[in-house]
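Structure file upload-v8.pdb with PDB, C-alpha atoms:
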```
ATOM      1  CA  GLN X   1       0.860  15.833   4.846
ATOM      2  CA  VAL X   2       0.660  13.309   2.051
ATOM      3  CA  GLN X   3      -0.847  14.469  -1.219
ATOM      4  CA  VAL X   4      -1.777  12.212  -4.120
ATOM      5  CA  VAL X   5      -2.928  14.177  -7.154
ATOM      6  CA  GLU X   6      -4.093  12.692 -10.439
ATOM      7  CA  SER X   7      -4.248  14.654 -13.676
ATOM      8  CA  GLY X   8      -4.544  14.114 -17.411
ATOM      9  CA  GLY X   9      -8.099  12.882 -17.650
ATOM     10  CA  GLY X  10     -10.497  14.164 -20.262
ATOM     11  CA  SER X  11     -12.688  13.220 -23.178
ATOM     12  CA  VAL X  12     -11.391  11.226 -26.125
ATOM     13  CA  HIS X  13     -12.821   9.349 -29.093
ATOM     14  CA  PRO X  14     -12.624   5.565 -29.309
ATOM     15  CA  GLY X  15      -9.171   4.512 -30.444
ATOM     16  CA  GLY X  16      -7.596   7.588 -28.905
ATOM     17  CA  SER X  17      -4.940   7.942 -26.217
ATOM     18  CA  LEU X  18      -4.459   9.699 -22.913
ATOM     19  CA  ARG X  19      -1.608   9.899 -20.435
ATOM     20  CA  LEU X  20      -2.545  10.135 -16.802
ATOM     21  CA  SER X  21      -0.151  11.476 -14.198
ATOM     22  CA  CYS X  22      -0.036  10.818 -10.469
ATOM     23  CA  ALA X  23       2.045  13.207  -8.392
ATOM     24  CA  VAL X  24       2.754  12.112  -4.824
ATOM     25  CA  HIS X  25       4.215  14.389  -2.167
ATOM     26  CA  GLY X  26       4.858  14.183   1.562
ATOM     27  CA  LEU X  27       6.356  10.697   1.700
ATOM     28  CA  ALA X  28       9.490   8.806   0.674
ATOM     29  CA  PHE X  29       8.256   8.200  -2.855
ATOM     30  CA  ASP X  30      11.073   5.879  -3.876
ATOM     31  CA  TYR X  31       9.912   3.310  -1.310
ATOM     32  CA  TYR X  32       6.265   3.257  -2.333
ATOM     33  CA  GLY X  33       4.450   1.040  -4.747
ATOM     34  CA  ILE X  34       1.904   2.978  -6.781
ATOM     35  CA  GLY X  35      -1.285   1.610  -8.256
ATOM     36  CA  TRP X  36      -3.863   2.886 -10.687
ATOM     37  CA  PHE X  37      -7.486   1.923 -10.150
ATOM     38  CA  ARG X  38     -10.695   2.846 -11.895
ATOM     39  CA  GLN X  39     -14.369   2.930 -11.126
ATOM     40  CA  ALA X  40     -17.005   3.110 -13.797
ATOM     41  CA  PRO X  41     -20.569   4.275 -13.028
ATOM     42  CA  GLY X  42     -22.476   1.545 -11.214
ATOM     43  CA  LYS X  43     -19.469  -0.769 -11.043
ATOM     44  CA  GLU X  44     -16.950  -1.851  -8.433
ATOM     45  CA  ARG X  45     -13.534  -0.248  -8.269
ATOM     46  CA  GLU X  46     -10.938  -2.358 -10.066
ATOM     47  CA  GLY X  47      -7.171  -2.384 -10.335
ATOM     48  CA  VAL X  48      -5.657  -1.203 -13.603
ATOM     49  CA  SER X  49      -1.900  -1.310 -13.162
ATOM     50  CA  CYS X  50       0.788  -1.180 -10.511
ATOM     51  CA  VAL X  51       4.479  -0.342 -10.308
ATOM     52  CA  SER X  52       6.728  -1.321  -7.400
ATOM     53  CA  PRO X  53       9.489   0.676  -5.761
ATOM     54  CA  GLY X  54      12.513   0.829  -8.019
ATOM     55  CA  ASP X  55      10.506  -0.327 -11.041
ATOM     56  CA  LYS X  56      11.388  -3.879 -10.090
ATOM     57  CA  ARG X  57       7.906  -5.198 -10.748
ATOM     58  CA  THR X  58       4.870  -4.087 -12.645
ATOM     59  CA  HIS X  59       1.403  -5.529 -13.014
ATOM     60  CA  VAL X  60      -1.123  -4.821 -15.719
ATOM     61  CA  SER X  61      -4.653  -6.149 -15.487
ATOM     62  CA  ASP X  62      -5.838  -8.349 -18.345
ATOM     63  CA  PHE X  63      -8.187  -5.774 -19.844
ATOM     64  CA  ALA X  64      -5.298  -3.291 -20.093
ATOM     65  CA  LYS X  65      -2.556  -5.559 -21.429
ATOM     66  CA  GLY X  66      -1.166  -4.406 -24.743
ATOM     67  CA  ARG X  67      -2.901  -1.033 -24.395
ATOM     68  CA  PHE X  68      -1.840   0.571 -21.093
ATOM     69  CA  THR X  69       1.704   1.149 -19.846
ATOM     70  CA  ILE X  70       2.722   2.250 -16.369
ATOM     71  CA  SER X  71       5.970   4.029 -15.567
ATOM     72  CA  ARG X  72       7.451   6.082 -12.771
ATOM     73  CA  ASP X  73       9.851   9.011 -12.527
ATOM     74  CA  ASN X  74      11.258   9.101  -9.017
ATOM     75  CA  ALA X  75      12.969  12.438  -9.649
ATOM     76  CA  LYS X  76       9.517  13.967 -10.165
ATOM     77  CA  ASN X  77       7.625  11.858  -7.594
ATOM     78  CA  THR X  78       5.280  10.949 -10.411
ATOM     79  CA  VAL X  79       3.781   7.821 -11.932
ATOM     80  CA  TYR X  80       2.302   7.808 -15.420
ATOM     81  CA  LEU X  81      -0.334   5.660 -17.068
ATOM     82  CA  GLN X  82      -0.171   5.751 -20.842
ATOM     83  CA  MET X  83      -3.481   4.560 -22.241
ATOM     84  CA  ASN X  84      -3.828   3.712 -25.928
ATOM     85  CA  SER X  85      -6.605   2.224 -28.054
ATOM     86  CA  LEU X  86      -9.227   3.464 -25.640
ATOM     87  CA  THR X  87     -12.768   2.127 -25.858
ATOM     88  CA  PRO X  88     -16.029   3.330 -24.283
ATOM     89  CA  GLU X  89     -15.603   0.554 -21.696
ATOM     90  CA  ASP X  90     -12.578   2.449 -20.379
ATOM     91  CA  THR X  91     -14.795   5.327 -19.280
ATOM     92  CA  ALA X  92     -14.321   5.715 -15.537
ATOM     93  CA  VAL X  93     -12.837   7.781 -12.766
ATOM     94  CA  TYR X  94      -9.187   6.784 -12.487
ATOM     95  CA  TYR X  95      -7.574   6.822  -9.062
ATOM     96  CA  CYS X  96      -3.967   6.636  -7.983
ATOM     97  CA  ALA X  97      -2.898   5.124  -4.664
ATOM     98  CA  ALA X  98       0.329   4.523  -2.757
ATOM     99  CA  ARG X  99       1.520   1.866  -0.341
ATOM    100  CA  LEU X 100       4.872   1.523   1.394
ATOM    101  CA  ASN X 101       7.123  -1.326   0.184
ATOM    102  CA  TYR X 102       4.424  -2.704  -2.047
ATOM    103  CA  PHE X 103       5.573  -4.943  -4.894
ATOM    104  CA  CYS X 104       2.189  -5.376  -6.530
ATOM    105  CA  SER X 105       1.444  -8.762  -5.002
ATOM    106  CA  GLY X 106      -2.280  -9.487  -5.172
ATOM    107  CA  PHE X 107      -2.831  -6.191  -6.909
ATOM    108  CA  GLY X 108      -6.348  -5.020  -7.518
ATOM    109  CA  SER X 109      -8.140  -7.354  -5.138
ATOM    110  CA  TYR X 110     -10.496  -5.833  -2.602
ATOM    111  CA  PRO X 111      -9.784  -4.329  -0.028
ATOM    112  CA  TYR X 112      -6.834  -3.154  -2.151
ATOM    113  CA  GLY X 113      -4.531  -2.489   0.815
ATOM    114  CA  MET X 114      -3.378   0.928  -0.349
ATOM    115  CA  GLU X 115      -2.530   3.610   2.195
ATOM    116  CA  TYR X 116      -3.015   6.894   0.391
ATOM    117  CA  TRP X 117      -5.512   7.703  -2.345
ATOM    118  CA  GLY X 118      -6.056  10.578  -4.696
ATOM    119  CA  GLU X 119      -9.423  12.031  -5.577
ATOM    120  CA  GLY X 120      -9.422  10.739  -9.120
ATOM    121  CA  THR X 121      -9.514  12.050 -12.653
ATOM    122  CA  LEU X 122     -12.363  11.384 -15.075
ATOM    123  CA  VAL X 123     -11.745   9.657 -18.392
ATOM    124  CA  THR X 124     -14.580   9.652 -20.901
ATOM    125  CA  VAL X 125     -14.360   7.710 -24.147
ATOM    126  CA  SER X 126     -17.181   8.351 -26.575
ATOM    127  CA  SER X 127     -17.856   9.086 -30.188
TER     128      SER X 127
END
```

As structure tokens, what does this structure read like?
Amino acid sequence: QVQVVESGGGSVHPGGSLRLSCAVHGLAFDYYGIGWFRQAPGKEREGVSCVSPGDKRTHVSDFAKGRFTISRDNAKNTVYLQMNSLTPEDTAVYYCAARLNYFCSGFGSYPYGMEYWGEGTLVTVSS
């Protein structure tokens, strides 16, 4: 049984940082591309960042460039999203998703094409 579990969300002041973790179990993690998505209240889900198998390719959406960094640790079956310089507009539920042999092509476009999803972790940025 595949499990995708996000953690690390919470409340932070504007300008602060958080590191989200995505632990994936029950599949051959090394062969999966992993993406982070987010959904703010009343808005569509959008892609945040993606990392391919073997770290050969990453994608960071424009709103996250220079602030968010994605990385993966295959020994721990975990992908991280380091988020810096957070603003209230970053408030959302952040989801992690996995897809076999996915190299981040067309990342973030509906219908997303991911196979396994986590239940999300809430990030709240407010003063």

Report task. Would you work out the distance separating CA of Trp36 in chain X from CA of Asn84 in chain X, expressed in Å to one decimal? Result ->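 Rounded to one decimal, the two atoms are 15.3 Å apart.
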
Query raised in the report: If the PyMOL selection byres ((chain X and resi 116) around 7) is run on the structure shown, which residues does it catch, given as a list in words?
Result: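 With the PyMOL selection byres ((chain X and resi 116) around 7) on this model, the match is Ala97, Ala98, Arg99, Met114, Glu115, Trp117 and Gly118 of chain X.
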
Query raised in the report: Restricting the calculation to all atoms listed in the file, which member of X:Asn101, X:Gln39, X:Thr121, X:Ser21 is positioned closest to Asp73 in chain X?
Result: X:Ser21

**Report entry** Pairwise distance for CA of Asn77 in chain X and CA of Gly26 in chain X, rounded to one decimal in Å
**Finding:** 9.8 Å

Residue IDs satisfying the PyMOL selection byres ((chain X and resi 22) around 12), as a PDB file with C-alpha atoms, keeping the file's coordinate frame:
```pdb
ATOM      1  CA  GLN X   3      -0.847  14.469  -1.219  1.00  0.00           C
ATOM      2  CA  VAL X   4      -1.777  12.212  -4.120  1.00  0.00           C
ATOM      3  CA  VAL X   5      -2.928  14.177  -7.154  1.00  0.00           C
ATOM      4  CA  GLU X   6      -4.093  12.692 -10.439  1.00  0.00           C
ATOM      5  CA  SER X   7      -4.248  14.654 -13.676  1.00  0.00           C
ATOM      6  CA  GLY X   8      -4.544  14.114 -17.411  1.00  0.00           C
ATOM      7  CA  GLY X   9      -8.099  12.882 -17.650  1.00  0.00           C
ATOM      8  CA  ARG X  19      -1.608   9.899 -20.435  1.00  0.00           C
ATOM      9  CA  LEU X  20      -2.545  10.135 -16.802  1.00  0.00           C
ATOM     10  CA  SER X  21      -0.151  11.476 -14.198  1.00  0.00           C
ATOM     11  CA  ALA X  23       2.045  13.207  -8.392  1.00  0.00           C
ATOM     12  CA  VAL X  24       2.754  12.112  -4.824  1.00  0.00           C
ATOM     13  CA  HIS X  25       4.215  14.389  -2.167  1.00  0.00           C
ATOM     14  CA  PHE X  29       8.256   8.200  -2.855  1.00  0.00           C
ATOM     15  CA  ILE X  34       1.904   2.978  -6.781  1.00  0.00           C
ATOM     16  CA  GLY X  35      -1.285   1.610  -8.256  1.00  0.00           C
ATOM     17  CA  TRP X  36      -3.863   2.886 -10.687  1.00  0.00           C
ATOM     18  CA  PHE X  37      -7.486   1.923 -10.150  1.00  0.00           C
ATOM     19  CA  ILE X  70       2.722   2.250 -16.369  1.00  0.00           C
ATOM     20  CA  SER X  71       5.970   4.029 -15.567  1.00  0.00           C
ATOM     21  CA  ARG X  72       7.451   6.082 -12.771  1.00  0.00           C
ATOM     22  CA  ASP X  73       9.851   9.011 -12.527  1.00  0.00           C
ATOM     23  CA  ASN X  74      11.258   9.101  -9.017  1.00  0.00           C
ATOM     24  CA  LYS X  76       9.517  13.967 -10.165  1.00  0.00           C
ATOM     25  CA  ASN X  77       7.625  11.858  -7.594  1.00  0.00           C
ATOM     26  CA  THR X  78       5.280  10.949 -10.411  1.00  0.00           C
ATOM     27  CA  VAL X  79       3.781   7.821 -11.932  1.00  0.00           C
ATOM     28  CA  TYR X  80       2.302   7.808 -15.420  1.00  0.00           C
ATOM     29  CA  LEU X  81      -0.334   5.660 -17.068  1.00  0.00           C
ATOM     30  CA  GLN X  82      -0.171   5.751 -20.842  1.00  0.00           C
ATOM     31  CA  TYR X  94      -9.187   6.784 -12.487  1.00  0.00           C
ATOM     32  CA  TYR X  95      -7.574   6.822  -9.062  1.00  0.00           C
ATOM     33  CA  CYS X  96      -3.967   6.636  -7.983  1.00  0.00           C
ATOM     34  CA  ALA X  97      -2.898   5.124  -4.664  1.00  0.00           C
ATOM     35  CA  ALA X  98       0.329   4.523  -2.757  1.00  0.00           C
ATOM     36  CA  TYR X 116      -3.015   6.894   0.391  1.00  0.00           C
ATOM     37  CA  TRP X 117      -5.512   7.703  -2.345  1.00  0.00           C
ATOM     38  CA  GLY X 118      -6.056  10.578  -4.696  1.00  0.00           C
ATOM     39  CA  GLU X 119      -9.423  12.031  -5.577  1.00  0.00           C
ATOM     40  CA  GLY X 120      -9.422  10.739  -9.120  1.00  0.00           C
ATOM     41  CA  THR X 121      -9.514  12.050 -12.653  1.00  0.00           C
TER      42      THR X 121
END
```

Requested in this report: For Phe63 in chain X, list every protein, DNA or RNA residue within 10 Å, evaluated using only C-alpha atoms, and leave out those in the same chain fewer than 5 positions away; present the list as a PyMOL selection string.
Outcome: chain X and resi 48+68+89-90
